[in-house]
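Quick look at run_10.pdb (PDB, C-alpha atoms, pLDDT in the B column):
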```
ATOM      1  CA  MET A 429       0.000   0.000   0.000  1.00 55.00           C
ATOM      2  CA  SER A 430       1.355   3.449  -0.924  1.00 70.00           C
ATOM      3  CA  LYS A 431       1.989   5.974   1.812  1.00 85.00           C
ATOM      4  CA  ARG A 432      -0.878   8.303   2.727  1.00 94.00           C
ATOM      5  CA  TYR A 433      -0.551  11.862   4.009  1.00 96.00           C
ATOM      6  CA  TYR A 434      -2.939  13.231   6.616  1.00 96.00           C
ATOM      7  CA  ALA A 435      -3.253  17.018   6.894  1.00 97.00           C
ATOM      8  CA  THR A 436      -4.639  18.497  10.118  1.00 97.00           C
ATOM      9  CA  VAL A 437      -5.806  21.968  11.102  1.00 96.00           C
ATOM     10  CA  ASP A 438      -6.787  22.792  14.673  1.00 94.00           C
ATOM     11  CA  ALA A 439      -9.924  24.943  14.449  1.00 92.00           C
ATOM     12  CA  ASN A 440      -9.191  26.537  17.831  1.00 90.00           C
ATOM     13  CA  THR A 441      -5.476  27.313  17.615  1.00 91.00           C
ATOM     14  CA  GLY A 442      -4.722  27.291  13.893  1.00 94.00           C
ATOM     15  CA  GLU A 443      -1.894  24.779  14.397  1.00 95.00           C
ATOM     16  CA  THR A 444      -1.258  22.599  11.342  1.00 97.00           C
ATOM     17  CA  ASN A 445       0.502  19.273  10.797  1.00 97.00           C
ATOM     18  CA  ILE A 446       0.990  16.614   8.145  1.00 97.00           C
ATOM     19  CA  TYR A 447       1.300  13.012   9.308  1.00 96.00           C
ATOM     20  CA  SER A 448       2.353  10.212   6.985  1.00 95.00           C
ATOM     21  CA  GLY A 449       2.113   6.458   7.205  1.00 90.00           C
ATOM     22  CA  ASP A 450      -0.459   3.781   7.881  1.00 90.00           C
ATOM     23  CA  TRP A 451      -3.647   5.132   9.413  1.00 92.00           C
ATOM     24  CA  ASN A 452      -4.197   2.317  11.889  1.00 92.00           C
ATOM     25  CA  THR A 453      -0.651   1.832  13.180  1.00 91.00           C
ATOM     26  CA  GLU A 454       0.983   5.256  12.782  1.00 91.00           C
ATOM     27  CA  VAL A 455      -1.533   8.070  12.404  1.00 94.00           C
ATOM     28  CA  ALA A 456      -4.927   7.461  14.034  1.00 94.00           C
ATOM     29  CA  SER A 457      -3.675   7.780  17.616  1.00 94.00           C
ATOM     30  CA  LYS A 458      -2.252  11.238  16.845  1.00 92.00           C
ATOM     31  CA  ILE A 459      -5.516  12.574  15.436  1.00 93.00           C
ATOM     32  CA  GLN A 460      -8.547  10.801  16.851  1.00 91.00           C
ATOM     33  CA  GLY A 461     -10.089  12.028  20.089  1.00 89.00           C
ATOM     34  CA  LYS A 462      -9.268  15.675  19.342  1.00 89.00           C
ATOM     35  CA  PRO A 463     -12.612  17.281  18.446  1.00 88.00           C
ATOM     36  CA  SER A 464     -11.105  20.578  17.325  1.00 90.00           C
ATOM     37  CA  LEU A 465      -9.005  18.892  14.608  1.00 94.00           C
ATOM     38  CA  ILE A 466     -10.053  19.134  10.985  1.00 95.00           C
ATOM     39  CA  TYR A 467      -8.258  16.453   8.986  1.00 94.00           C
ATOM     40  CA  LYS A 468      -8.208  14.715   5.652  1.00 93.00           C
ATOM     41  CA  GLY A 469      -6.104  12.016   3.991  1.00 93.00           C
ATOM     42  CA  PHE A 470      -4.346  12.437   0.639  1.00 94.00           C
ATOM     43  CA  ASN A 471      -2.229  10.332  -1.697  1.00 94.00           C
ATOM     44  CA  THR A 472       0.469  13.003  -2.079  1.00 95.00           C
ATOM     45  CA  GLU A 473       2.213  15.386   0.290  1.00 96.00           C
ATOM     46  CA  LYS A 474       1.528  18.250  -2.138  1.00 97.00           C
ATOM     47  CA  ALA A 475      -2.224  17.661  -1.873  1.00 96.00           C
ATOM     48  CA  ALA A 476      -1.966  17.648   1.927  1.00 96.00           C
ATOM     49  CA  GLU A 477      -0.029  20.922   1.830  1.00 97.00           C
ATOM     50  CA  ASP A 478      -2.643  22.462  -0.479  1.00 96.00           C
ATOM     51  CA  PHE A 479      -5.348  21.505   2.023  1.00 95.00           C
ATOM     52  CA  ILE A 480      -3.521  23.308   4.834  1.00 96.00           C
ATOM     53  CA  ASN A 481      -2.616  26.297   2.683  1.00 95.00           C
ATOM     54  CA  GLN A 482      -6.246  27.221   2.184  1.00 95.00           C
ATOM     55  CA  GLY A 483      -5.611  29.140   5.395  1.00 96.00           C
ATOM     56  CA  TYR A 484      -9.143  29.508   6.720  1.00 97.00           C
ATOM     57  CA  VAL A 485      -7.808  29.381  10.296  1.00 96.00           C
ATOM     58  CA  GLU A 486      -4.847  31.438  11.495  1.00 95.00           C
ATOM     59  CA  LYS A 487      -2.660  30.694  14.498  1.00 93.00           C
ATOM     60  CA  ASN A 488      -3.833  32.284  17.731  1.00 90.00           C
ATOM     61  CA  ASP A 489      -3.676  31.688  21.466  1.00 89.00           C
ATOM     62  CA  ILE A 490      -7.272  32.655  22.278  1.00 88.00           C
ATOM     63  CA  ASP A 491      -9.310  30.070  24.174  1.00 86.00           C
ATOM     64  CA  PRO A 492     -12.730  30.015  22.416  1.00 84.00           C
ATOM     65  CA  ASP A 493     -14.340  29.179  25.769  1.00 85.00           C
ATOM     66  CA  ASP A 494     -12.921  32.317  27.448  1.00 91.00           C
ATOM     67  CA  ASN A 495     -15.608  34.868  26.605  1.00 92.00           C
ATOM     68  CA  GLU A 496     -13.664  37.797  28.054  1.00 94.00           C
ATOM     69  CA  ALA A 497     -10.611  36.988  25.939  1.00 94.00           C
ATOM     70  CA  VAL A 498     -12.782  36.472  22.838  1.00 94.00           C
ATOM     71  CA  ASN A 499     -14.630  39.766  23.353  1.00 96.00           C
ATOM     72  CA  LYS A 500     -11.329  41.589  23.787  1.00 96.00           C
ATOM     73  CA  GLU A 501      -9.866  39.935  20.691  1.00 95.00           C
ATOM     74  CA  ILE A 502     -12.856  40.981  18.587  1.00 96.00           C
ATOM     75  CA  GLU A 503     -12.772  44.573  19.837  1.00 97.00           C
ATOM     76  CA  ASN A 504      -9.026  44.741  19.154  1.00 96.00           C
ATOM     77  CA  ARG A 505      -9.619  43.370  15.684  1.00 96.00           C
ATOM     78  CA  ILE A 506     -12.322  45.974  15.022  1.00 97.00           C
ATOM     79  CA  ALA A 507     -10.060  48.778  16.242  1.00 97.00           C
ATOM     80  CA  SER A 508      -7.276  47.665  13.899  1.00 97.00           C
ATOM     81  CA  LEU A 509      -9.354  47.233  10.726  1.00 98.00           C
ATOM     82  CA  THR A 510      -7.837  48.741   7.604  1.00 98.00           C
ATOM     83  CA  ASP A 511      -9.783  50.110   4.660  1.00 97.00           C
ATOM     84  CA  ASP A 512      -9.751  46.749   2.886  1.00 97.00           C
ATOM     85  CA  GLU A 513     -10.723  44.539   5.838  1.00 98.00           C
ATOM     86  CA  ALA A 514     -14.067  43.629   7.402  1.00 98.00           C
ATOM     87  CA  ILE A 515     -15.681  41.396  10.014  1.00 98.00           C
ATOM     88  CA  ILE A 516     -18.962  39.544  10.258  1.00 98.00           C
ATOM     89  CA  ALA A 517     -20.406  37.871  13.350  1.00 98.00           C
ATOM     90  CA  THR A 518     -23.043  35.275  12.507  1.00 98.00           C
ATOM     91  CA  ASP A 519     -25.636  32.947  13.978  1.00 98.00           C
ATOM     92  CA  GLY A 520     -28.722  30.996  13.006  1.00 98.00           C
ATOM     93  CA  SER A 521     -31.997  30.110  14.680  1.00 98.00           C
ATOM     94  CA  TYR A 522     -34.718  27.513  14.188  1.00 98.00           C
ATOM     95  CA  MET A 523     -37.930  27.470  16.220  1.00 97.00           C
ATOM     96  CA  GLU A 524     -40.171  24.633  15.125  1.00 96.00           C
ATOM     97  CA  ASP A 525     -42.964  25.708  17.450  1.00 96.00           C
ATOM     98  CA  ILE A 526     -43.168  29.098  15.727  1.00 96.00           C
ATOM     99  CA  ASN A 527     -42.560  28.163  12.091  1.00 96.00           C
ATOM    100  CA  LYS A 528     -41.075  24.819  11.079  1.00 95.00           C
ATOM    101  CA  ASP A 529     -40.605  25.955   7.478  1.00 97.00           C
ATOM    102  CA  ILE A 530     -38.029  28.698   8.017  1.00 97.00           C
ATOM    103  CA  ALA A 531     -34.689  29.280   9.708  1.00 98.00           C
ATOM    104  CA  GLY A 532     -33.451  32.663  10.856  1.00 98.00           C
ATOM    105  CA  ALA A 533     -30.116  34.188   9.898  1.00 98.00           C
ATOM    106  CA  GLY A 534     -28.478  36.971  11.891  1.00 98.00           C
ATOM    107  CA  TRP A 535     -25.234  38.772  11.189  1.00 98.00           C
ATOM    108  CA  ILE A 536     -23.423  42.011  11.933  1.00 98.00           C
ATOM    109  CA  GLU A 537     -21.384  43.688   9.226  1.00 98.00           C
ATOM    110  CA  ILE A 538     -18.390  45.601  10.547  1.00 98.00           C
ATOM    111  CA  SER A 539     -15.783  47.604   8.660  1.00 98.00           C
ATOM    112  CA  LYS A 540     -13.639  50.606   9.499  1.00 96.00           C
ATOM    113  CA  ASP A 541     -16.503  53.048   9.009  1.00 93.00           C
ATOM    114  CA  HIS A 542     -19.562  50.776   9.050  1.00 94.00           C
ATOM    115  CA  LYS A 543     -21.410  48.633  11.556  1.00 97.00           C
ATOM    116  CA  GLN A 544     -24.838  47.284  10.721  1.00 98.00           C
ATOM    117  CA  PRO A 545     -26.968  44.427  12.078  1.00 98.00           C
ATOM    118  CA  LYS A 546     -28.835  42.356   9.499  1.00 98.00           C
ATOM    119  CA  ASN A 547     -31.207  39.410   9.485  1.00 98.00           C
ATOM    120  CA  ASP A 548     -33.186  37.282   7.051  1.00 98.00           C
ATOM    121  CA  ILE A 549     -34.931  33.929   6.744  1.00 98.00           C
ATOM    122  CA  CYS A 550     -34.198  30.882   4.625  1.00 97.00           C
ATOM    123  CA  ASP A 551     -35.268  27.298   3.986  1.00 96.00           C
ATOM    124  CA  PRO A 552     -33.952  25.041   6.807  1.00 95.00           C
ATOM    125  CA  GLU A 553     -33.094  22.344   4.226  1.00 93.00           C
ATOM    126  CA  GLY A 554     -33.092  19.747   6.985  1.00 91.00           C
ATOM    127  CA  MET A 555     -30.313  21.519   8.900  1.00 93.00           C
ATOM    128  CA  ARG A 556     -32.416  23.738  11.165  1.00 95.00           C
ATOM    129  CA  ASN A 557     -30.432  26.627  12.707  1.00 96.00           C
ATOM    130  CA  VAL A 558     -27.247  25.677  10.825  1.00 96.00           C
ATOM    131  CA  ALA A 559     -28.988  26.624   7.579  1.00 96.00           C
ATOM    132  CA  GLY A 560     -29.554  30.061   9.064  1.00 97.00           C
ATOM    133  CA  GLU A 561     -25.917  30.520   9.971  1.00 97.00           C
ATOM    134  CA  ILE A 562     -24.846  29.427   6.499  1.00 97.00           C
ATOM    135  CA  LYS A 563     -27.236  32.024   5.099  1.00 98.00           C
ATOM    136  CA  ALA A 564     -25.686  34.658   7.376  1.00 98.00           C
ATOM    137  CA  ILE A 565     -22.165  33.811   6.180  1.00 98.00           C
ATOM    138  CA  GLU A 566     -23.317  33.829   2.554  1.00 98.00           C
ATOM    139  CA  GLU A 567     -24.863  37.280   2.908  1.00 98.00           C
ATOM    140  CA  GLY A 568     -21.848  38.585   4.802  1.00 98.00           C
ATOM    141  CA  ILE A 569     -19.509  37.392   2.060  1.00 98.00           C
ATOM    142  CA  LYS A 570     -21.715  39.010  -0.595  1.00 98.00           C
ATOM    143  CA  TRP A 571     -21.532  42.314   1.288  1.00 98.00           C
ATOM    144  CA  ALA A 572     -17.762  42.117   1.739  1.00 98.00           C
ATOM    145  CA  ARG A 573     -17.160  41.294  -1.898  1.00 98.00           C
ATOM    146  CA  SER A 574     -19.489  44.060  -3.078  1.00 98.00           C
ATOM    147  CA  LYS A 575     -17.369  46.539  -1.115  1.00 97.00           C
ATOM    148  CA  GLY A 576     -14.115  45.213  -2.531  1.00 98.00           C
ATOM    149  CA  PHE A 577     -12.632  44.103   0.796  1.00 98.00           C
ATOM    150  CA  LYS A 578      -9.560  41.894   0.606  1.00 98.00           C
ATOM    151  CA  ARG A 579     -10.042  40.120   3.945  1.00 98.00           C
ATOM    152  CA  LEU A 580     -13.123  39.033   5.884  1.00 98.00           C
ATOM    153  CA  ASP A 581     -12.935  37.639   9.435  1.00 98.00           C
ATOM    154  CA  ILE A 582     -15.927  35.440  10.291  1.00 98.00           C
ATOM    155  CA  TYR A 583     -16.934  34.857  13.932  1.00 96.00           C
ATOM    156  CA  PHE A 584     -19.299  31.906  14.234  1.00 96.00           C
ATOM    157  CA  ASP A 585     -20.294  29.282  16.794  1.00 93.00           C
ATOM    158  CA  TYR A 586     -21.088  26.060  14.900  1.00 93.00           C
ATOM    159  CA  ALA A 587     -17.875  24.040  14.522  1.00 90.00           C
ATOM    160  CA  GLY A 588     -18.949  22.281  11.328  1.00 92.00           C
ATOM    161  CA  LEU A 589     -18.808  25.528   9.385  1.00 95.00           C
ATOM    162  CA  VAL A 590     -15.028  25.760   9.384  1.00 95.00           C
ATOM    163  CA  GLY A 591     -14.595  22.027   8.764  1.00 94.00           C
ATOM    164  CA  TRP A 592     -16.883  22.162   5.742  1.00 95.00           C
ATOM    165  CA  ALA A 593     -14.961  25.192   4.449  1.00 96.00           C
ATOM    166  CA  TYR A 594     -11.906  22.921   4.236  1.00 95.00           C
ATOM    167  CA  GLY A 595     -13.957  20.165   2.614  1.00 91.00           C
ATOM    168  CA  TYR A 596     -13.965  18.043   5.791  1.00 87.00           C
ATOM    169  CA  ASN A 597     -16.897  15.572   5.807  1.00 82.00           C
ATOM    170  CA  ILE A 598     -18.037  16.794   2.405  1.00 81.00           C
ATOM    171  CA  ASN A 599     -19.212  14.024   0.095  1.00 72.00           C
ATOM    172  CA  ARG A 600     -20.256  14.753  -3.463  1.00 63.00           C
ATOM    173  CA  LYS A 601     -23.566  13.286  -4.533  1.00 64.00           C
ATOM    174  CA  ASN A 602     -24.077  11.304  -7.712  1.00 56.00           C
ATOM    175  CA  ASP A 603     -25.097  13.310 -10.768  1.00 55.00           C
ATOM    176  CA  ASN A 604     -28.760  12.480 -10.263  1.00 51.00           C
ATOM    177  CA  GLU A 605     -28.836  13.490  -6.592  1.00 50.00           C
ATOM    178  CA  GLN A 606     -29.283  16.991  -5.212  1.00 51.00           C
ATOM    179  CA  GLU A 607     -26.209  18.518  -3.588  1.00 68.00           C
ATOM    180  CA  ASP A 608     -26.782  19.021   0.126  1.00 88.00           C
ATOM    181  CA  LEU A 609     -26.344  22.321   1.920  1.00 91.00           C
ATOM    182  CA  ARG A 610     -22.854  21.448   3.187  1.00 92.00           C
ATOM    183  CA  THR A 611     -21.585  20.924  -0.353  1.00 92.00           C
ATOM    184  CA  LYS A 612     -23.160  24.133  -1.621  1.00 93.00           C
ATOM    185  CA  TYR A 613     -21.574  25.968   1.301  1.00 96.00           C
ATOM    186  CA  TYR A 614     -18.164  24.441   0.526  1.00 95.00           C
ATOM    187  CA  ASP A 615     -18.484  25.571  -3.101  1.00 95.00           C
ATOM    188  CA  LEU A 616     -19.412  29.087  -1.943  1.00 97.00           C
ATOM    189  CA  ILE A 617     -16.331  29.312   0.277  1.00 97.00           C
ATOM    190  CA  LYS A 618     -14.010  27.859  -2.354  1.00 96.00           C
ATOM    191  CA  GLU A 619     -15.210  30.266  -5.042  1.00 97.00           C
ATOM    192  CA  SER A 620     -15.267  33.304  -2.742  1.00 98.00           C
ATOM    193  CA  SER A 621     -11.742  32.638  -1.491  1.00 97.00           C
ATOM    194  CA  LYS A 622     -10.452  33.301  -5.006  1.00 96.00           C
ATOM    195  CA  HIS A 623     -11.451  36.923  -4.510  1.00 97.00           C
ATOM    196  CA  ILE A 624     -11.217  37.583  -0.759  1.00 98.00           C
ATOM    197  CA  LYS A 625      -9.236  36.054   2.112  1.00 98.00           C
ATOM    198  CA  LEU A 626     -11.659  34.355   4.519  1.00 98.00           C
ATOM    199  CA  VAL A 627     -10.559  33.706   8.110  1.00 98.00           C
ATOM    200  CA  PHE A 628     -12.793  31.748  10.495  1.00 97.00           C
ATOM    201  CA  HIS A 629     -12.890  32.245  14.270  1.00 95.00           C
ATOM    202  CA  LYS A 630     -14.801  29.669  16.338  1.00 92.00           C
ATOM    203  CA  VAL A 631     -16.477  31.073  19.460  1.00 92.00           C
ATOM    204  CA  SER A 632     -18.590  29.277  22.062  1.00 88.00           C
ATOM    205  CA  ALA A 633     -22.341  29.774  21.819  1.00 87.00           C
ATOM    206  CA  HIS A 634     -24.333  31.379  24.638  1.00 86.00           C
ATOM    207  CA  THR A 635     -21.287  32.385  26.673  1.00 89.00           C
ATOM    208  CA  ASN A 636     -21.791  36.163  26.548  1.00 91.00           C
ATOM    209  CA  VAL A 637     -19.636  36.746  23.503  1.00 94.00           C
ATOM    210  CA  LYS A 638     -21.074  40.143  22.624  1.00 96.00           C
ATOM    211  CA  TYR A 639     -21.432  39.906  18.867  1.00 97.00           C
ATOM    212  CA  ASN A 640     -22.436  36.248  18.882  1.00 96.00           C
ATOM    213  CA  GLU A 641     -25.254  37.052  21.305  1.00 97.00           C
ATOM    214  CA  GLU A 642     -26.356  39.940  19.092  1.00 98.00           C
ATOM    215  CA  ALA A 643     -26.324  37.753  15.972  1.00 98.00           C
ATOM    216  CA  ASP A 644     -28.351  35.136  17.867  1.00 97.00           C
ATOM    217  CA  ARG A 645     -30.984  37.742  18.778  1.00 98.00           C
ATOM    218  CA  LEU A 646     -31.152  38.940  15.179  1.00 98.00           C
ATOM    219  CA  ALA A 647     -31.663  35.387  13.914  1.00 98.00           C
ATOM    220  CA  LYS A 648     -34.431  34.757  16.440  1.00 98.00           C
ATOM    221  CA  ASP A 649     -36.105  38.062  15.545  1.00 98.00           C
ATOM    222  CA  ALA A 650     -36.158  37.042  11.887  1.00 98.00           C
ATOM    223  CA  VAL A 651     -38.194  33.951  12.758  1.00 98.00           C
ATOM    224  CA  GLU A 652     -40.449  35.549  15.353  1.00 97.00           C
ATOM    225  CA  ASN A 653     -41.301  38.547  13.173  1.00 95.00           C
ATOM    226  CA  TYR A 654     -41.684  36.717   9.881  1.00 93.00           C
ATOM    227  CA  GLY A 655     -44.787  37.857   8.077  1.00 82.00           C
ATOM    228  CA  LYS A 656     -45.601  40.625  10.560  1.00 79.00           C
TER     229      LYS A 656
END
```
The structure in this file should be written as structure tokens.
Amino acid sequence: MSKRYYATVDANTGETNIYSGDWNTEVASKIQGKPSLIYKGFNTEKAAEDFINQGYVEKNDIDPDDNEAVNKEIENRIASLTDDEAIIATDGSYMEDINKDIAGAGWIEISKDHKQPKNDICDPEGMRNVAGEIKAIEEGIKWARSKGFKRLDIYFDYAGLVGWAYGYNINRKNDNEQEDLRTKYYDLIKESSKHIKLVFHKVSAHTNVKYNEEADRLAKDAVENYGK
């Protein structure tokens, strides 16, 4: 059996590694049991390097569970924004008891001279509140690209969103099957990254992270006020 290469990205710290060898005897023990690791196996070292070099997570020493440190990091980032940089904070909401047919999307657009809360609704597509957060990221990227920004930092709370950006746990359907929301999201990120640098920052939900809480309220408002 030819050697395989396993690329890893830690969603919390941005640390990257490439492990090579047999999965069962040499690699699995170094990767499994670490929930923050995004990883994928490749036949060549170049392909593993390309996976890492997508660069959707940058190295940092912020604990995503430390809300005070996260709030400070975001405020520092806002204060240091240049003319060609922006931030979005996003969240999604799904309330079956209010309306099972929609999900809410909430996001805050932030640039050097602009700060605006936004919300909208979308089809849950079987993914409930996650569909809303994907919608929020999609709209935030559209805004950033329309303004010609070169970098967009995305603060979000659902871990799958950064993994899917890297193509982790993305499986293409057959030609006669509809692509699921994860695959469409992956394609959005891949295409958008040709035009703007996207950097993801995982935060913990419902831990008093200021902008995450605001995005959550916006997403809920979109559902509760739909049709009013």
| request: Tell me which protein, DNA and RNA residues are within 8 Å of Lys468 (chain A), counting only C-alpha atoms, leaving out same-chain ones fewer than 4 positions away, and put them as a PyMOL selection string. | output: chain A and resi 434-436+476+596
| Shortest interatomic distance to Asn636 (chain A) - which of A:Ala497, A:Ile538, A:Arg573, A:Ala531, counting only C-alpha atoms |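 Looking only at the distances to Asn636 (chain A), the closest residue turns out to be A:Ala497.
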| task | Write out as an NGL selection string which residues come within 7 Å of Tyr484 (chain A) when counting all atoms listed in the file, dropping same-chain ones fewer than 5 positions away. | result | :A and (626-628)
| said: Would you compute the distance between CA of His629 (chain A) and CA of Pro492 (chain A)? Give it in Å to one decimal. | reply: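 Between CA of His629 (chain A) and CA of Pro492 (chain A) the gap is 8.4 Å.
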| task | Give as a PyMOL selection string each residue that has an atom at most 6 Å from (-31.5, 32.9, 13.8) in the file, counting all atoms listed in the file. | result | chain A and resi 519-521+532-534+560+644+647-648
| message | Expand the PyMOL selection byres ((chain A and resi 565) around 9) into the explicit residue set it covers here, and present it as a PyMOL selection string. | response | chain A and resi 516-519+533+535+560-564+566-570+582+584
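A straight line drawn from CA of Lys612 (chain A) to CA of Val651 (chain A) is 23.0 Å long.
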Please identify all polymer residues within 12 Å of Asp450 (chain A), counting all atoms listed in the file, omitting same-chain residues fewer than 2 positions from it, and present them as an mmCIF file with C-alpha atoms, in the coordinates of the input.
```cif
data_model
loop_
_atom_site.group_PDB
_atom_site.id
_atom_site.type_symbol
_atom_site.label_atom_id
_atom_site.label_comp_id
_atom_site.auth_asym_id
_atom_site.auth_seq_id
_atom_site.Cartn_x
_atom_site.Cartn_y
_atom_site.Cartn_z
ATOM 1 C CA MET A 429 0.000 0.000 0.000
ATOM 2 C CA SER A 430 1.355 3.449 -0.924
ATOM 3 C CA LYS A 431 1.989 5.974 1.812
ATOM 4 C CA ARG A 432 -0.878 8.303 2.727
ATOM 5 C CA TYR A 433 -0.551 11.862 4.009
ATOM 6 C CA TYR A 434 -2.939 13.231 6.616
ATOM 7 C CA TYR A 447 1.300 13.012 9.308
ATOM 8 C CA SER A 448 2.353 10.212 6.985
ATOM 9 C CA ASN A 452 -4.197 2.317 11.889
ATOM 10 C CA THR A 453 -0.651 1.832 13.180
ATOM 11 C CA GLU A 454 0.983 5.256 12.782
ATOM 12 C CA VAL A 455 -1.533 8.070 12.404
ATOM 13 C CA ALA A 456 -4.927 7.461 14.034
ATOM 14 C CA SER A 457 -3.675 7.780 17.616
ATOM 15 C CA LYS A 458 -2.252 11.238 16.845
ATOM 16 C CA GLY A 469 -6.104 12.016 3.991
ATOM 17 C CA PHE A 470 -4.346 12.437 0.639
ATOM 18 C CA ASN A 471 -2.229 10.332 -1.697
#
```
